[in-house]
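Source file: query_34.cif. Holds: mmCIF, C-alpha atoms, pLDDT in the B column; chains and numbers go by the auth columns.
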data_final
loop_
_atom_site.group_PDB
_atom_site.id
_atom_site.type_symbol
_atom_site.label_atom_id
_atom_site.label_comp_id
_atom_site.label_asym_id
_atom_site.label_seq_id
_atom_site.Cartn_x
_atom_site.Cartn_y
_atom_site.Cartn_z
_atom_site.B_iso_or_equiv
_atom_site.auth_seq_id
_atom_site.auth_asym_id
ATOM 1 C CA MET A 1 104.463 -3.557 123.140 79.00 1 A
ATOM 2 C CA ARG A 2 101.825 -5.870 121.650 85.00 2 A
ATOM 3 C CA ALA A 3 102.357 -8.457 124.415 89.00 3 A
ATOM 4 C CA THR A 4 101.948 -5.779 127.089 92.00 4 A
ATOM 5 C CA LEU A 5 98.702 -4.523 125.574 91.00 5 A
ATOM 6 C CA LYS A 6 97.300 -8.037 125.150 93.00 6 A
ATOM 7 C CA ASP A 7 98.278 -9.557 128.519 93.00 7 A
ATOM 8 C CA PHE A 8 97.565 -6.499 130.652 92.00 8 A
ATOM 9 C CA SER A 9 94.171 -6.019 128.964 93.00 9 A
ATOM 10 C CA GLU A 10 93.354 -9.643 129.843 93.00 10 A
ATOM 11 C CA LEU A 11 94.428 -9.042 133.458 93.00 11 A
ATOM 12 C CA ARG A 12 92.162 -5.992 133.691 91.00 12 A
ATOM 13 C CA ARG A 13 89.260 -7.929 132.173 91.00 13 A
ATOM 14 C CA MET A 14 89.655 -10.751 134.718 92.00 14 A
ATOM 15 C CA HIS A 15 89.470 -8.337 137.641 90.00 15 A
ATOM 16 C CA ASN A 16 87.311 -5.619 136.143 85.00 16 A
ATOM 17 C CA SER A 17 84.850 -5.680 139.055 80.00 17 A
ATOM 18 C CA PHE A 18 87.574 -4.878 141.614 82.00 18 A
ATOM 19 C CA PRO A 19 87.120 -2.770 143.673 75.00 19 A
ATOM 20 C CA LYS A 20 83.650 -1.792 142.399 72.00 20 A
ATOM 21 C CA ASN A 21 81.876 -4.716 144.063 69.00 21 A
ATOM 22 C CA ARG A 22 83.681 -4.546 147.429 68.00 22 A
ATOM 23 C CA SER A 23 80.600 -3.204 149.216 73.00 23 A
ATOM 24 C CA GLU A 24 78.635 -6.274 148.115 78.00 24 A
ATOM 25 C CA LEU A 25 81.155 -8.764 149.506 80.00 25 A
ATOM 26 C CA THR A 26 81.689 -10.194 152.979 86.00 26 A
ATOM 27 C CA ASP A 27 85.041 -9.680 154.705 85.00 27 A
ATOM 28 C CA ILE A 28 86.180 -13.162 153.688 88.00 28 A
ATOM 29 C CA GLU A 29 85.085 -12.609 150.082 88.00 29 A
ATOM 30 C CA ARG A 30 87.007 -9.306 149.991 88.00 30 A
ATOM 31 C CA GLN A 31 90.152 -11.053 151.187 89.00 31 A
ATOM 32 C CA ILE A 32 89.718 -13.746 148.528 91.00 32 A
ATOM 33 C CA ALA A 33 89.210 -11.112 145.818 90.00 33 A
ATOM 34 C CA ILE A 34 92.403 -9.298 146.851 93.00 34 A
ATOM 35 C CA ARG A 35 94.364 -12.566 147.045 94.00 35 A
ATOM 36 C CA GLU A 36 93.262 -13.670 143.576 94.00 36 A
ATOM 37 C CA TYR A 37 93.993 -10.273 142.058 94.00 37 A
ATOM 38 C CA LEU A 38 97.420 -10.090 143.697 95.00 38 A
ATOM 39 C CA GLY A 39 98.237 -13.639 142.569 95.00 39 A
ATOM 40 C CA ASP A 40 97.633 -12.745 138.917 96.00 40 A
ATOM 41 C CA LEU A 41 99.289 -9.352 139.338 96.00 41 A
ATOM 42 C CA GLU A 42 102.391 -10.969 140.873 96.00 42 A
ATOM 43 C CA ARG A 43 102.859 -13.130 137.782 95.00 43 A
ATOM 44 C CA PHE A 44 102.367 -10.156 135.473 96.00 44 A
ATOM 45 C CA ALA A 45 104.767 -8.067 137.587 96.00 45 A
ATOM 46 C CA VAL A 46 107.536 -10.621 136.976 96.00 46 A
ATOM 47 C CA GLY A 47 107.346 -9.773 133.270 95.00 47 A
ATOM 48 C CA CYS A 48 107.383 -6.041 134.004 94.00 48 A
ATOM 49 C CA ASN A 49 110.388 -6.304 136.289 95.00 49 A
ATOM 50 C CA LEU A 50 112.268 -8.352 133.681 95.00 50 A
ATOM 51 C CA ASN A 51 111.339 -5.736 131.043 93.00 51 A
ATOM 52 C CA ALA A 52 109.370 -8.326 129.066 94.00 52 A
ATOM 53 C CA TYR A 53 106.447 -5.914 129.445 94.00 53 A
ATOM 54 C CA ASP A 54 106.652 -2.146 128.936 95.00 54 A
ATOM 55 C CA ILE A 55 106.104 -0.354 132.269 95.00 55 A
ATOM 56 C CA SER A 56 105.315 2.924 130.478 95.00 56 A
ATOM 57 C CA ILE A 57 102.405 1.280 128.634 95.00 57 A
ATOM 58 C CA VAL A 58 101.138 -0.243 131.881 95.00 58 A
ATOM 59 C CA ASN A 59 101.280 3.224 133.419 95.00 59 A
ATOM 60 C CA LYS A 60 99.310 4.793 130.570 94.00 60 A
ATOM 61 C CA MET A 61 96.694 2.048 130.641 94.00 61 A
ATOM 62 C CA SER A 62 96.073 1.759 134.389 92.00 62 A
ATOM 63 C CA GLY A 63 98.979 3.204 136.346 94.00 63 A
ATOM 64 C CA GLY A 64 96.769 5.440 138.453 94.00 64 A
ATOM 65 C CA SER A 65 94.326 2.702 139.437 93.00 65 A
ATOM 66 C CA LEU A 66 97.121 0.230 140.196 95.00 66 A
ATOM 67 C CA VAL A 67 98.870 2.646 142.544 96.00 67 A
ATOM 68 C CA SER A 68 95.542 3.623 144.115 94.00 68 A
ATOM 69 C CA ASN A 69 94.529 -0.011 144.685 94.00 69 A
ATOM 70 C CA TYR A 70 97.957 -0.714 146.147 95.00 70 A
ATOM 71 C CA ASN A 71 97.713 2.146 148.638 96.00 71 A
ATOM 72 C CA LYS A 72 94.095 1.394 149.594 93.00 72 A
ATOM 73 C CA TYR A 73 93.989 -2.418 149.596 93.00 73 A
ATOM 74 C CA PHE A 74 97.119 -4.275 148.524 95.00 74 A
ATOM 75 C CA LYS A 75 99.712 -2.796 150.893 96.00 75 A
ATOM 76 C CA SER A 76 97.817 -3.637 154.091 94.00 76 A
ATOM 77 C CA TYR A 77 96.957 -7.103 152.760 94.00 77 A
ATOM 78 C CA ILE A 78 100.614 -7.816 151.905 95.00 78 A
ATOM 79 C CA GLU A 79 101.678 -6.703 155.394 93.00 79 A
ATOM 80 C CA ASP A 80 99.064 -8.972 157.025 91.00 80 A
ATOM 81 C CA VAL A 81 100.208 -11.962 154.960 92.00 81 A
ATOM 82 C CA ARG A 82 103.852 -11.303 155.834 90.00 82 A
ATOM 83 C CA ARG A 83 103.070 -10.843 159.506 86.00 83 A
ATOM 84 C CA ASN A 84 101.042 -14.066 159.715 84.00 84 A
ATOM 85 C CA LEU A 85 103.503 -16.261 157.813 84.00 85 A
ATOM 86 C CA TYR A 86 103.925 -19.409 159.864 78.00 86 A
ATOM 87 C CA ILE A 87 107.030 -19.785 162.005 71.00 87 A
ATOM 88 C CA GLY A 88 109.638 -21.995 160.354 72.00 88 A
ATOM 89 C CA SER A 89 108.514 -21.250 156.803 79.00 89 A
ATOM 90 C CA PRO A 90 111.282 -21.752 154.213 82.00 90 A
ATOM 91 C CA ILE A 91 110.018 -18.582 152.516 84.00 91 A
ATOM 92 C CA LYS A 92 111.095 -15.227 153.932 85.00 92 A
ATOM 93 C CA SER A 93 108.277 -12.784 154.585 85.00 93 A
ATOM 94 C CA SER A 94 110.006 -10.197 152.385 87.00 94 A
ATOM 95 C CA GLN A 95 109.662 -12.556 149.396 91.00 95 A
ATOM 96 C CA LEU A 96 105.862 -12.545 149.505 93.00 96 A
ATOM 97 C CA TYR A 97 104.474 -10.356 146.682 95.00 97 A
ATOM 98 C CA VAL A 98 107.926 -8.879 146.148 96.00 98 A
ATOM 99 C CA GLU A 99 107.354 -8.578 142.380 97.00 99 A
ATOM 100 C CA VAL A 100 104.185 -6.509 142.886 97.00 100 A
ATOM 101 C CA GLU A 101 106.102 -4.352 145.354 96.00 101 A
ATOM 102 C CA LYS A 102 108.893 -3.723 142.810 96.00 102 A
ATOM 103 C CA MET A 103 106.442 -3.005 139.972 97.00 103 A
ATOM 104 C CA ILE A 104 104.411 -0.503 142.006 97.00 104 A
ATOM 105 C CA GLU A 105 107.626 1.210 143.086 97.00 105 A
ATOM 106 C CA ARG A 106 108.616 1.569 139.422 96.00 106 A
ATOM 107 C CA LEU A 107 105.161 2.918 138.556 97.00 107 A
ATOM 108 C CA CYS A 108 105.445 5.492 141.322 97.00 108 A
ATOM 109 C CA GLU A 109 108.816 6.578 139.926 96.00 109 A
ATOM 110 C CA VAL A 110 107.323 6.971 136.455 95.00 110 A
ATOM 111 C CA ARG A 111 104.374 8.910 137.871 96.00 111 A
ATOM 112 C CA GLU A 112 106.616 10.907 140.255 96.00 112 A
ATOM 113 C CA GLU A 113 104.492 9.855 143.210 96.00 113 A
ATOM 114 C CA PRO A 114 105.675 8.694 146.647 96.00 114 A
ATOM 115 C CA PHE A 115 105.987 4.946 147.159 96.00 115 A
ATOM 116 C CA TYR A 116 105.005 3.458 150.513 95.00 116 A
ATOM 117 C CA LYS A 117 106.960 0.264 151.024 95.00 117 A
ATOM 118 C CA PRO A 118 105.086 -2.558 152.801 94.00 118 A
ATOM 119 C CA GLU A 119 106.619 -3.573 156.102 88.00 119 A
ATOM 120 C CA ASN A 120 108.583 -6.806 156.317 85.00 120 A
ATOM 121 C CA TYR A 121 108.219 -9.178 159.253 82.00 121 A
ATOM 122 C CA PRO A 122 111.394 -11.264 159.715 81.00 122 A
ATOM 123 C CA GLU A 123 110.965 -14.507 161.608 77.00 123 A
ATOM 124 C CA GLU A 124 112.605 -13.161 164.768 77.00 124 A
ATOM 125 C CA LYS A 125 110.046 -10.351 164.942 78.00 125 A
ATOM 126 C CA ARG A 126 107.121 -12.703 164.275 79.00 126 A
ATOM 127 C CA VAL A 127 108.344 -15.061 166.997 75.00 127 A
ATOM 128 C CA LEU A 128 108.651 -12.179 169.461 76.00 128 A
ATOM 129 C CA GLU A 129 105.152 -10.874 168.725 77.00 129 A
ATOM 130 C CA LYS A 130 103.627 -14.347 168.999 73.00 130 A
ATOM 131 C CA PHE A 131 105.490 -14.831 172.270 71.00 131 A
ATOM 132 C CA LEU A 132 104.166 -11.574 173.714 74.00 132 A
ATOM 133 C CA GLU A 133 100.596 -12.479 172.700 73.00 133 A
ATOM 134 C CA ILE A 134 100.620 -16.066 173.996 71.00 134 A
ATOM 135 C CA PRO A 135 97.566 -16.789 176.187 68.00 135 A
ATOM 136 C CA ILE A 136 98.739 -17.237 179.772 62.00 136 A
ATOM 137 C CA SER A 137 98.059 -20.827 180.812 64.00 137 A
ATOM 138 C CA SER A 138 101.365 -22.738 180.948 64.00 138 A
ATOM 139 C CA SER A 139 105.009 -22.515 179.865 69.00 139 A
ATOM 140 C CA GLU A 140 104.601 -25.114 177.084 75.00 140 A
ATOM 141 C CA GLU A 141 103.153 -22.546 174.660 72.00 141 A
ATOM 142 C CA VAL A 142 106.293 -20.458 175.105 73.00 142 A
ATOM 143 C CA PHE A 143 108.583 -23.401 174.388 79.00 143 A
ATOM 144 C CA ASN A 144 106.540 -24.369 171.318 78.00 144 A
ATOM 145 C CA ILE A 145 107.142 -20.958 169.770 72.00 145 A
ATOM 146 C CA PHE A 146 110.895 -20.772 170.348 76.00 146 A
ATOM 147 C CA ARG A 147 111.724 -24.418 169.601 80.00 147 A
ATOM 148 C CA SER A 148 110.536 -23.751 166.017 75.00 148 A
ATOM 149 C CA LEU A 149 113.496 -21.415 165.424 76.00 149 A
ATOM 150 C CA PRO A 150 116.459 -22.876 163.500 78.00 150 A
ATOM 151 C CA ASN A 151 119.364 -24.234 165.614 83.00 151 A
ATOM 152 C CA SER A 152 117.425 -24.048 168.887 86.00 152 A
ATOM 153 C CA VAL A 153 118.908 -26.159 171.698 89.00 153 A
ATOM 154 C CA GLU A 154 116.617 -27.702 174.313 90.00 154 A
ATOM 155 C CA ASP A 155 117.105 -29.929 177.339 88.00 155 A
ATOM 156 C CA HIS A 156 115.009 -30.899 180.353 83.00 156 A
ATOM 157 C CA GLY A 157 115.812 -31.961 183.875 78.00 157 A
ATOM 158 C CA THR A 158 113.454 -33.340 186.493 77.00 158 A
ATOM 159 C CA GLY A 159 109.841 -32.252 186.792 71.00 159 A
ATOM 160 C CA LYS A 160 109.214 -29.000 184.998 69.00 160 A
ATOM 161 C CA GLU A 161 112.863 -27.982 184.893 76.00 161 A
ATOM 162 C CA GLY A 162 114.299 -27.303 181.464 81.00 162 A
ATOM 163 C CA TYR A 163 115.813 -24.752 179.148 83.00 163 A
ATOM 164 C CA LEU A 164 115.714 -23.723 175.509 84.00 164 A
ATOM 165 C CA TYR A 165 118.587 -21.780 173.979 83.00 165 A
ATOM 166 C CA VAL A 166 118.633 -20.061 170.564 81.00 166 A
ATOM 167 C CA PRO A 167 122.190 -18.986 169.599 81.00 167 A
ATOM 168 C CA GLY A 168 122.653 -15.710 167.763 76.00 168 A
ATOM 169 C CA ASN A 169 125.101 -14.745 165.020 77.00 169 A
ATOM 170 C CA ARG A 170 125.579 -10.997 165.564 72.00 170 A
ATOM 171 C CA ARG A 171 129.013 -9.742 166.562 76.00 171 A
ATOM 172 C CA ASP A 172 127.462 -7.343 169.082 74.00 172 A
ATOM 173 C CA ARG A 173 125.064 -9.990 170.417 70.00 173 A
ATOM 174 C CA CYS A 174 123.974 -10.261 173.997 68.00 174 A
ATOM 175 C CA LEU A 175 122.373 -13.179 175.823 66.00 175 A
ATOM 176 C CA LEU A 176 118.672 -12.735 176.520 61.00 176 A
ATOM 177 C CA VAL A 177 117.454 -14.853 179.408 63.00 177 A
ATOM 178 C CA ALA A 178 113.753 -15.128 180.215 60.00 178 A
ATOM 179 C CA HIS A 179 111.848 -17.458 182.507 60.00 179 A
ATOM 180 C CA ALA A 180 108.798 -19.181 181.027 55.00 180 A
ATOM 181 C CA ASP A 181 106.930 -19.801 184.253 53.00 181 A
ATOM 182 C CA THR A 182 103.910 -17.741 185.198 54.00 182 A
ATOM 183 C CA TYR A 183 102.884 -16.323 188.571 53.00 183 A
ATOM 184 C CA PHE A 184 99.202 -16.567 189.508 52.00 184 A
ATOM 185 C CA ASP A 185 97.931 -14.476 192.422 55.00 185 A
ATOM 186 C CA VAL A 186 94.838 -14.960 194.592 54.00 186 A
ATOM 187 C CA GLU A 187 92.600 -13.414 191.930 55.00 187 A
ATOM 188 C CA TYR A 188 93.346 -16.171 189.412 53.00 188 A
ATOM 189 C CA GLN A 189 90.145 -18.064 188.564 58.00 189 A
ATOM 190 C CA ASP A 190 91.622 -20.942 186.524 57.00 190 A
ATOM 191 C CA CYS A 191 91.069 -19.187 183.221 59.00 191 A
ATOM 192 C CA ILE A 192 93.299 -18.339 180.274 61.00 192 A
ATOM 193 C CA TYR A 193 94.261 -14.685 179.878 61.00 193 A
ATOM 194 C CA GLU A 194 94.836 -13.550 176.309 68.00 194 A
ATOM 195 C CA ASN A 195 97.142 -10.640 175.635 67.00 195 A
ATOM 196 C CA GLU A 196 97.539 -8.214 172.751 72.00 196 A
ATOM 197 C CA VAL A 197 100.565 -6.036 172.060 72.00 197 A
ATOM 198 C CA ILE A 198 101.187 -2.943 169.973 73.00 198 A
ATOM 199 C CA LEU A 199 104.490 -1.542 168.713 73.00 199 A
ATOM 200 C CA ASN A 200 104.835 2.167 169.485 74.00 200 A
ATOM 201 C CA ASN A 201 108.079 4.065 168.826 74.00 201 A
ATOM 202 C CA GLY A 202 110.050 0.831 168.822 69.00 202 A
ATOM 203 C CA VAL A 203 108.636 -0.377 172.161 72.00 203 A
ATOM 204 C CA TYR A 204 106.068 -3.152 172.644 70.00 204 A
ATOM 205 C CA HIS A 205 103.198 -2.425 175.020 72.00 205 A
ATOM 206 C CA GLY A 206 100.467 -4.689 176.290 71.00 206 A
ATOM 207 C CA VAL A 207 96.947 -3.324 175.859 71.00 207 A
ATOM 208 C CA LYS A 208 95.215 -5.414 178.539 68.00 208 A
ATOM 209 C CA ASP A 209 95.664 -4.726 182.245 64.00 209 A
ATOM 210 C CA ASN A 210 95.108 -8.335 183.340 59.00 210 A
ATOM 211 C CA ALA A 211 97.729 -9.774 180.990 57.00 211 A
ATOM 212 C CA SER A 212 100.311 -7.089 180.337 54.00 212 A
ATOM 213 C CA ILE A 213 104.059 -7.417 179.875 56.00 213 A
ATOM 214 C CA GLY A 214 105.931 -7.995 183.130 48.00 214 A
ATOM 215 C CA MET A 215 108.605 -5.333 182.670 46.00 215 A
ATOM 216 C CA GLU A 216 106.016 -2.818 181.553 48.00 216 A
ATOM 217 C CA LYS A 217 103.883 -3.473 184.637 42.00 217 A
ATOM 218 C CA SER A 218 106.932 -3.019 186.848 39.00 218 A
ATOM 219 C CA MET A 219 107.726 0.289 185.204 39.00 219 A
ATOM 220 C CA ASP A 220 104.119 1.438 185.584 43.00 220 A
ATOM 221 C CA LYS A 221 104.399 0.998 189.335 41.00 221 A
#
Rewrite the structure of this file - the entire thing - as structure tokens.
Amino acid sequence: MRATLKDFSELRRMHNSFPKNRSELTDIERQIAIREYLGDLERFAVGCNLNAYDISIVNKMSGGSLVSNYNKYFKSYIEDVRRNLYIGSPIKSSQLYVEVEKMIERLCEVREEPFYKPENYPEEKRVLEKFLEIPISSSEEVFNIFRSLPNSVEDHGTGKEGYLYVPGNRRDRCLLVAHADTYFDVEYQDCIYENEVILNNGVYHGVKDNASIGMEKSMDK
């Protein structure tokens, strides 16, 4: 009990100005403030999740503000960090701030409040989203993304001929074949088209007419 009171009081003192001073900060400064707070909170959460600290005391001291800050600021930040984790990282996206996630879930149980789990972004999903948002200029950007996946197999023939194969391990797997070349019509002005995709009801959609997803454009017609 004494350790919980002492260490959690110190944590609150270190970040006492959050989120009071958010309006005075730039966007970058806000991100830094959240990152620093979450870094210290992650270490404290390890003790809570191992029962070295008393979760009921944490709840009585600042349970409401912790859950509120999580819902308003921390959850979206954690999701952004997981989504932007670099391809090929030895750390799984679900491992980032996992102790804070577990501690907040326990606090919500104690407080009998709903817990909103942050979304995980496995590497396959991050690769797919990066692939769909690649600026259209050449096929090399496509190969660079997929060759970073573990166990990828690549070979090249003459000229621009080549292939890259990523084997799967699901029993119900199917072979996905996609060509990495790009068709440019008479309206192409030697520029790079950037695309942006959104996930809606389990389906990815391009949001720009001049650089949409091929299958989607075919279906639109």
Picked residues, the PyMOL selection byres ((chain A and resi 140-154) around 8), as number ranges by chain: A: 87-88, 127, 130-131, 134, 138-139, 155-156, 162-167, 180
Residues matched by the PyMOL selection byres ((chain A and resi 95-108) around 9), written as JSON, numbers by chain: {"A": [38, 39, 41, 42, 43, 44, 45, 46, 48, 49, 55, 56, 58, 59, 63, 64, 66, 67, 70, 75, 78, 81, 82, 91, 92, 93, 94, 109, 110, 111, 112, 113, 114, 115, 116, 117, 118]}
d(atom CA of Arg126 of chain A, atom CA of Tyr73 of chain A) in Å: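 Taking atom CA of Arg126 of chain A and atom CA of Tyr73 of chain A, their separation equals 22.2 Å.
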Contact residues around Lys6 of chain A with only C-alpha atoms at 12 Å, ignoring same-chain residues under 5 positions, as a PyMOL selection string: chain A and resi 1+11-13+44+53-54+57-58+61
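A straight line drawn from atom CA of His15 of chain A to atom CA of Arg35 of chain A is 11.4 Å long.
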Computed interatomic separation between atom CA of Glu10 of chain A and atom CA of Asp40 of chain A (Å):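 Between atom CA of Glu10 of chain A and atom CA of Asp40 of chain A the gap is 10.5 Å.
Considering the residues A:Glu161, A:Glu29, A:Glu129, A:Asp172 and counting only C-alpha atoms, Gly206 of chain A has its shortest atom-to-atom contact with A:Glu129.
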Residue with smallest distance to Met14 of chain A - pool A:Tyr37, A:Thr26, A:Gly47, A:Ile32, counting only C-alpha atoms: A:Tyr37
